[in-house]
Amino acid sequence: MMDRAFKGYGVGEGMLAWLFHRISGVAVWAFVVLHVVDIYLAGSEPQLYNDLLSFYASAPGRLLETLLGAGLLYHALNGARIIVMDFWPAMTVYHRQLWYVSWAIFFLVGIPVAYQIMAPALGLPALVG
């Protein structure tokens, strides 16, 4: 399916999985750095920390949190796909199908979670709580 969309470029599911895994990995690293900074601010600059928490609760902050969650979820699912192929090399024949299964799980889990995160910023009722 993807081979037809990118015909001539040599881009297939495997290359896209690799690219998205690297991008989501950088996003996870950026989150860890931001987390260290905001925990530091909690002790050293309480007012700045409170301002940062206010940003996190705003619509742009919640959008970034949703994107972070999507990156974490993709990275975890693709990592599980890689582990399956590492432990059972015969599964590499099915890497494309495994990638599509990970996307199905990504959307089944990700859409309700994204809704839950964004609901307060959009004035929508929450699914839980």
# chains A, B, ... in the order shown; residues from 1 in each chain; ligands from 1

$ residues_around --residues "A:Val26" --least-positions-apart "6" --cutoff "10 Å" --atoms "only C-alpha atoms" --output "list in words"
Phe20, Val32 and Gly71 of chain A

$ write_last_selection --atoms "all heavy atoms" --output "PDB file, in the first residue's frame"
ATOM      1  N   PHE A  20       9.642   7.289  12.006  1.00  0.00           N
ATOM      2  CA  PHE A  20       8.733   7.684  13.077  1.00  0.00           C
ATOM      3  C   PHE A  20       9.272   7.268  14.449  1.00  0.00           C
ATOM      4  O   PHE A  20       9.058   7.973  15.439  1.00  0.00           O
ATOM      5  CB  PHE A  20       7.340   7.095  12.864  1.00  0.00           C
ATOM      6  CG  PHE A  20       6.618   7.613  11.645  1.00  0.00           C
ATOM      7  CD1 PHE A  20       5.583   6.884  11.087  1.00  0.00           C
ATOM      8  CD2 PHE A  20       6.959   8.807  11.050  1.00  0.00           C
ATOM      9  CE1 PHE A  20       4.904   7.343   9.970  1.00  0.00           C
ATOM     10  CE2 PHE A  20       6.296   9.283   9.928  1.00  0.00           C
ATOM     11  CZ  PHE A  20       5.264   8.542   9.384  1.00  0.00           C
ATOM     12  N   VAL A  32      11.573  14.408  28.632  1.00  0.00           N
ATOM     13  CA  VAL A  32      12.354  14.145  29.845  1.00  0.00           C
ATOM     14  C   VAL A  32      13.128  15.403  30.250  1.00  0.00           C
ATOM     15  O   VAL A  32      13.151  15.780  31.426  1.00  0.00           O
ATOM     16  CB  VAL A  32      13.298  12.937  29.654  1.00  0.00           C
ATOM     17  CG1 VAL A  32      14.276  12.819  30.802  1.00  0.00           C
ATOM     18  CG2 VAL A  32      12.492  11.656  29.502  1.00  0.00           C
ATOM     19  N   GLY A  71       3.355  10.426  20.588  1.00  0.00           N
ATOM     20  CA  GLY A  71       4.743  10.005  20.359  1.00  0.00           C
ATOM     21  C   GLY A  71       5.152   8.867  21.281  1.00  0.00           C
ATOM     22  O   GLY A  71       5.794   7.907  20.844  1.00  0.00           O
TER      23      GLY A  71
END

$ closest_atom_pairs --of "stretch 15-45 of chain A" --to "stretch 96-102 of chain A" --cutoff "12 Å" --atoms "only C-alpha atoms" --output "CSV"
residue,atom,partner,partner_atom,distance
A:Met15,CA,A:Arg96,CA,10.6
A:Leu16,CA,A:Trp99,CA,9.8
A:Ala17,CA,A:Trp99,CA,7.4
A:Trp18,CA,A:Trp99,CA,10.7
A:Phe20,CA,A:Trp99,CA,11.5
A:His21,CA,A:Trp99,CA,11.6

$ write_last_selection --atoms "N, CA, C and O atoms" --output "CSV table (one decimal), in the first residue's frame"
chain,number,residue,atom,x,y,z
A,15,MET,N,10.9,1.7,6.3
A,15,MET,CA,11.6,3.0,6.5
A,15,MET,C,10.8,4.0,7.2
A,15,MET,O,11.3,4.8,8.1
A,16,LEU,N,9.5,4.1,7.0
A,16,LEU,CA,8.6,5.0,7.7
A,16,LEU,C,8.6,4.6,9.2
A,16,LEU,O,8.6,5.5,10.1
A,17,ALA,N,8.5,3.3,9.5
A,17,ALA,CA,8.5,2.9,10.9
A,17,ALA,C,9.8,3.3,11.6
A,17,ALA,O,9.8,3.8,12.7
A,18,TRP,N,10.9,3.2,10.9
A,18,TRP,CA,12.2,3.6,11.4
A,18,TRP,C,12.2,5.1,11.7
A,18,TRP,O,12.7,5.6,12.7
A,20,PHE,N,9.6,7.3,12.0
A,20,PHE,CA,8.7,7.7,13.1
A,20,PHE,C,9.3,7.3,14.4
A,20,PHE,O,9.1,8.0,15.4
A,21,HIS,N,10.0,6.1,14.5
A,21,HIS,CA,10.5,5.7,15.8
A,21,HIS,C,11.6,6.7,16.2
A,21,HIS,O,11.7,7.0,17.4

$ closest_residue --among "A:Leu127, A:Leu72, A:Ile39, A:Leu53" --to "A:Arg22" --atoms "only C-alpha atoms"
A:Leu72

$ residues_around --residues "A:Ile82" --least-positions-apart "2" --cutoff "12 Å" --atoms "only C-alpha atoms" --output "count of residues only"
24

$ atom_distance --atom1 "atom CA of A:Ile83" --atom2 "atom CA of A:Leu67"
24.0 Å

$ closest_residue --among "A:Ala59, A:Leu64, A:Leu52, A:Gln47" --to "A:Ala30" --atoms "only C-alpha atoms"
A:Leu64

$ residues_around --residues "stretch 106-116 of chain A" --least-positions-apart "5" --cutoff "7 Å" --atoms "only C-alpha atoms" --output "list in words"
Thr66, Ala70, Leu73, Tyr74, Ala126 and Leu127 of chain A

$ write_last_selection --atoms "N, CA, C and O atoms" --output "mmCIF file, in the first residue's frame"
data_model
loop_
_atom_site.group_PDB
_atom_site.id
_atom_site.type_symbol
_atom_site.label_atom_id
_atom_site.label_comp_id
_atom_site.auth_asym_id
_atom_site.auth_seq_id
_atom_site.Cartn_x
_atom_site.Cartn_y
_atom_site.Cartn_z
ATOM 1 N N THR A 66 -1.043 16.111 24.084
ATOM 2 C CA THR A 66 -1.636 15.085 23.229
ATOM 3 C C THR A 66 -0.599 14.567 22.233
ATOM 4 O O THR A 66 -0.490 13.352 22.007
ATOM 5 N N ALA A 70 0.918 10.818 21.904
ATOM 6 C CA ALA A 70 0.945 10.086 20.639
ATOM 7 C C ALA A 70 2.356 9.581 20.340
ATOM 8 O O ALA A 70 2.536 8.434 19.920
ATOM 9 N N LEU A 73 3.131 6.679 22.732
ATOM 10 C CA LEU A 73 2.380 5.476 22.368
ATOM 11 C C LEU A 73 2.970 4.837 21.112
ATOM 12 O O LEU A 73 3.179 3.626 21.063
ATOM 13 N N TYR A 74 3.268 5.655 20.090
ATOM 14 C CA TYR A 74 3.856 5.092 18.871
ATOM 15 C C TYR A 74 5.205 4.439 19.181
ATOM 16 O O TYR A 74 5.493 3.336 18.726
ATOM 17 N N ALA A 126 -15.851 15.091 29.608
ATOM 18 C CA ALA A 126 -14.795 14.089 29.726
ATOM 19 C C ALA A 126 -15.404 12.695 29.669
ATOM 20 O O ALA A 126 -16.554 12.481 30.070
ATOM 21 N N LEU A 127 -14.628 11.737 29.162
ATOM 22 C CA LEU A 127 -15.080 10.342 29.120
ATOM 23 C C LEU A 127 -15.052 9.716 30.494
ATOM 24 O O LEU A 127 -15.882 8.895 30.837
#

$ residues_around --residues "A:Ala121" --least-positions-apart "4" --cutoff "8 Å" --atoms "only C-alpha atoms" --output "count of residues only"
4

$ atom_distance --atom1 "atom CA of A:Phe31" --atom2 "atom CA of A:Gly43"
18.9 Å

$ atom_distance --atom1 "atom CA of A:Trp103" --atom2 "atom CA of A:Arg81"
10.8 Å

$ select_by_dssp --residues "chain A" --states "alpha helix (DSSP H)" --output "PyMOL selection string"
chain A and resi 2-5+13-44+46-57+59-87+95-122

$ decode --residues "stretch 80-110 of chain A" --atoms "N, CA and C atoms" --output "PDB file, in the first residue's frame"
ATOM      1  N   ALA A  80       7.663  -2.542  20.696  1.00  0.00           N
ATOM      2  CA  ALA A  80       7.150  -3.905  20.898  1.00  0.00           C
ATOM      3  C   ALA A  80       7.218  -4.700  19.602  1.00  0.00           C
ATOM      4  N   ARG A  81       6.915  -4.044  18.478  1.00  0.00           N
ATOM      5  CA  ARG A  81       7.010  -4.695  17.165  1.00  0.00           C
ATOM      6  C   ARG A  81       8.448  -5.126  16.887  1.00  0.00           C
ATOM      7  N   ILE A  82       9.391  -4.274  17.218  1.00  0.00           N
ATOM      8  CA  ILE A  82      10.808  -4.588  17.018  1.00  0.00           C
ATOM      9  C   ILE A  82      11.224  -5.750  17.917  1.00  0.00           C
ATOM     10  N   ILE A  83      10.771  -5.748  19.164  1.00  0.00           N
ATOM     11  CA  ILE A  83      11.100  -6.833  20.096  1.00  0.00           C
ATOM     12  C   ILE A  83      10.566  -8.164  19.577  1.00  0.00           C
ATOM     13  N   VAL A  84       9.336  -8.159  19.065  1.00  0.00           N
ATOM     14  CA  VAL A  84       8.758  -9.394  18.510  1.00  0.00           C
ATOM     15  C   VAL A  84       9.651  -9.923  17.393  1.00  0.00           C
ATOM     16  N   MET A  85      10.092  -9.040  16.513  1.00  0.00           N
ATOM     17  CA  MET A  85      10.940  -9.491  15.396  1.00  0.00           C
ATOM     18  C   MET A  85      12.332  -9.897  15.857  1.00  0.00           C
ATOM     19  N   ASP A  86      12.836  -9.290  16.925  1.00  0.00           N
ATOM     20  CA  ASP A  86      14.145  -9.677  17.464  1.00  0.00           C
ATOM     21  C   ASP A  86      14.102 -11.061  18.111  1.00  0.00           C
ATOM     22  N   PHE A  87      13.048 -11.334  18.865  1.00  0.00           N
ATOM     23  CA  PHE A  87      12.959 -12.617  19.556  1.00  0.00           C
ATOM     24  C   PHE A  87      12.464 -13.750  18.663  1.00  0.00           C
ATOM     25  N   TRP A  88      11.699 -13.409  17.646  1.00  0.00           N
ATOM     26  CA  TRP A  88      11.189 -14.414  16.699  1.00  0.00           C
ATOM     27  C   TRP A  88      11.518 -13.951  15.283  1.00  0.00           C
ATOM     28  N   PRO A  89      12.760 -14.195  14.829  1.00  0.00           N
ATOM     29  CA  PRO A  89      13.203 -13.702  13.518  1.00  0.00           C
ATOM     30  C   PRO A  89      12.286 -14.095  12.357  1.00  0.00           C
ATOM     31  N   ALA A  90      11.582 -15.206  12.473  1.00  0.00           N
ATOM     32  CA  ALA A  90      10.664 -15.599  11.400  1.00  0.00           C
ATOM     33  C   ALA A  90       9.557 -14.562  11.203  1.00  0.00           C
ATOM     34  N   MET A  91       9.296 -13.750  12.218  1.00  0.00           N
ATOM     35  CA  MET A  91       8.250 -12.726  12.128  1.00  0.00           C
ATOM     36  C   MET A  91       8.646 -11.541  11.256  1.00  0.00           C
ATOM     37  N   THR A  92       9.938 -11.437  10.907  1.00  0.00           N
ATOM     38  CA  THR A  92      10.350 -10.310  10.066  1.00  0.00           C
ATOM     39  C   THR A  92       9.657 -10.345   8.712  1.00  0.00           C
ATOM     40  N   VAL A  93       9.247 -11.529   8.284  1.00  0.00           N
ATOM     41  CA  VAL A  93       8.500 -11.650   7.032  1.00  0.00           C
ATOM     42  C   VAL A  93       7.189 -10.862   7.129  1.00  0.00           C
ATOM     43  N   TYR A  94       6.673 -10.733   8.348  1.00  0.00           N
ATOM     44  CA  TYR A  94       5.392 -10.060   8.573  1.00  0.00           C
ATOM     45  C   TYR A  94       5.556  -8.650   9.138  1.00  0.00           C
ATOM     46  N   HIS A  95       6.720  -8.034   8.925  1.00  0.00           N
ATOM     47  CA  HIS A  95       6.961  -6.714   9.525  1.00  0.00           C
ATOM     48  C   HIS A  95       5.919  -5.699   9.081  1.00  0.00           C
ATOM     49  N   ARG A  96       5.487  -5.770   7.843  1.00  0.00           N
ATOM     50  CA  ARG A  96       4.488  -4.835   7.323  1.00  0.00           C
ATOM     51  C   ARG A  96       3.152  -5.016   8.051  1.00  0.00           C
ATOM     52  N   GLN A  97       2.726  -6.255   8.196  1.00  0.00           N
ATOM     53  CA  GLN A  97       1.471  -6.522   8.889  1.00  0.00           C
ATOM     54  C   GLN A  97       1.553  -6.117  10.361  1.00  0.00           C
ATOM     55  N   LEU A  98       2.704  -6.386  10.983  1.00  0.00           N
ATOM     56  CA  LEU A  98       2.885  -5.978  12.376  1.00  0.00           C
ATOM     57  C   LEU A  98       2.809  -4.459  12.519  1.00  0.00           C
ATOM     58  N   TRP A  99       3.343  -3.751  11.523  1.00  0.00           N
ATOM     59  CA  TRP A  99       3.302  -2.287  11.553  1.00  0.00           C
ATOM     60  C   TRP A  99       1.856  -1.802  11.488  1.00  0.00           C
ATOM     61  N   TYR A 100       1.062  -2.414  10.613  1.00  0.00           N
ATOM     62  CA  TYR A 100      -0.339  -2.019  10.507  1.00  0.00           C
ATOM     63  C   TYR A 100      -1.123  -2.382  11.770  1.00  0.00           C
ATOM     64  N   VAL A 101      -0.799  -3.491  12.400  1.00  0.00           N
ATOM     65  CA  VAL A 101      -1.439  -3.854  13.666  1.00  0.00           C
ATOM     66  C   VAL A 101      -1.084  -2.816  14.738  1.00  0.00           C
ATOM     67  N   SER A 102       0.173  -2.385  14.763  1.00  0.00           N
ATOM     68  CA  SER A 102       0.558  -1.377  15.754  1.00  0.00           C
ATOM     69  C   SER A 102      -0.184  -0.062  15.501  1.00  0.00           C
ATOM     70  N   TRP A 103      -0.428   0.282  14.237  1.00  0.00           N
ATOM     71  CA  TRP A 103      -1.203   1.497  13.939  1.00  0.00           C
ATOM     72  C   TRP A 103      -2.657   1.336  14.371  1.00  0.00           C
ATOM     73  N   ALA A 104      -3.218   0.147  14.177  1.00  0.00           N
ATOM     74  CA  ALA A 104      -4.598  -0.086  14.611  1.00  0.00           C
ATOM     75  C   ALA A 104      -4.713   0.093  16.124  1.00  0.00           C
ATOM     76  N   ILE A 105      -3.769  -0.488  16.863  1.00  0.00           N
ATOM     77  CA  ILE A 105      -3.767  -0.335  18.319  1.00  0.00           C
ATOM     78  C   ILE A 105      -3.552   1.128  18.690  1.00  0.00           C
ATOM     79  N   PHE A 106      -2.659   1.807  17.962  1.00  0.00           N
ATOM     80  CA  PHE A 106      -2.380   3.223  18.199  1.00  0.00           C
ATOM     81  C   PHE A 106      -3.666   4.041  18.131  1.00  0.00           C
ATOM     82  N   PHE A 107      -4.472   3.831  17.096  1.00  0.00           N
ATOM     83  CA  PHE A 107      -5.700   4.609  16.959  1.00  0.00           C
ATOM     84  C   PHE A 107      -6.781   4.167  17.943  1.00  0.00           C
ATOM     85  N   LEU A 108      -6.877   2.864  18.208  1.00  0.00           N
ATOM     86  CA  LEU A 108      -7.878   2.382  19.172  1.00  0.00           C
ATOM     87  C   LEU A 108      -7.625   2.932  20.574  1.00  0.00           C
ATOM     88  N   VAL A 109      -6.370   3.027  20.946  1.00  0.00           N
ATOM     89  CA  VAL A 109      -6.012   3.552  22.270  1.00  0.00           C
ATOM     90  C   VAL A 109      -5.875   5.069  22.230  1.00  0.00           C
ATOM     91  N   GLY A 110      -5.269   5.586  21.182  1.00  0.00           N
ATOM     92  CA  GLY A 110      -4.915   7.001  21.117  1.00  0.00           C
ATOM     93  C   GLY A 110      -6.075   7.959  20.986  1.00  0.00           C
TER      94      GLY A 110
END
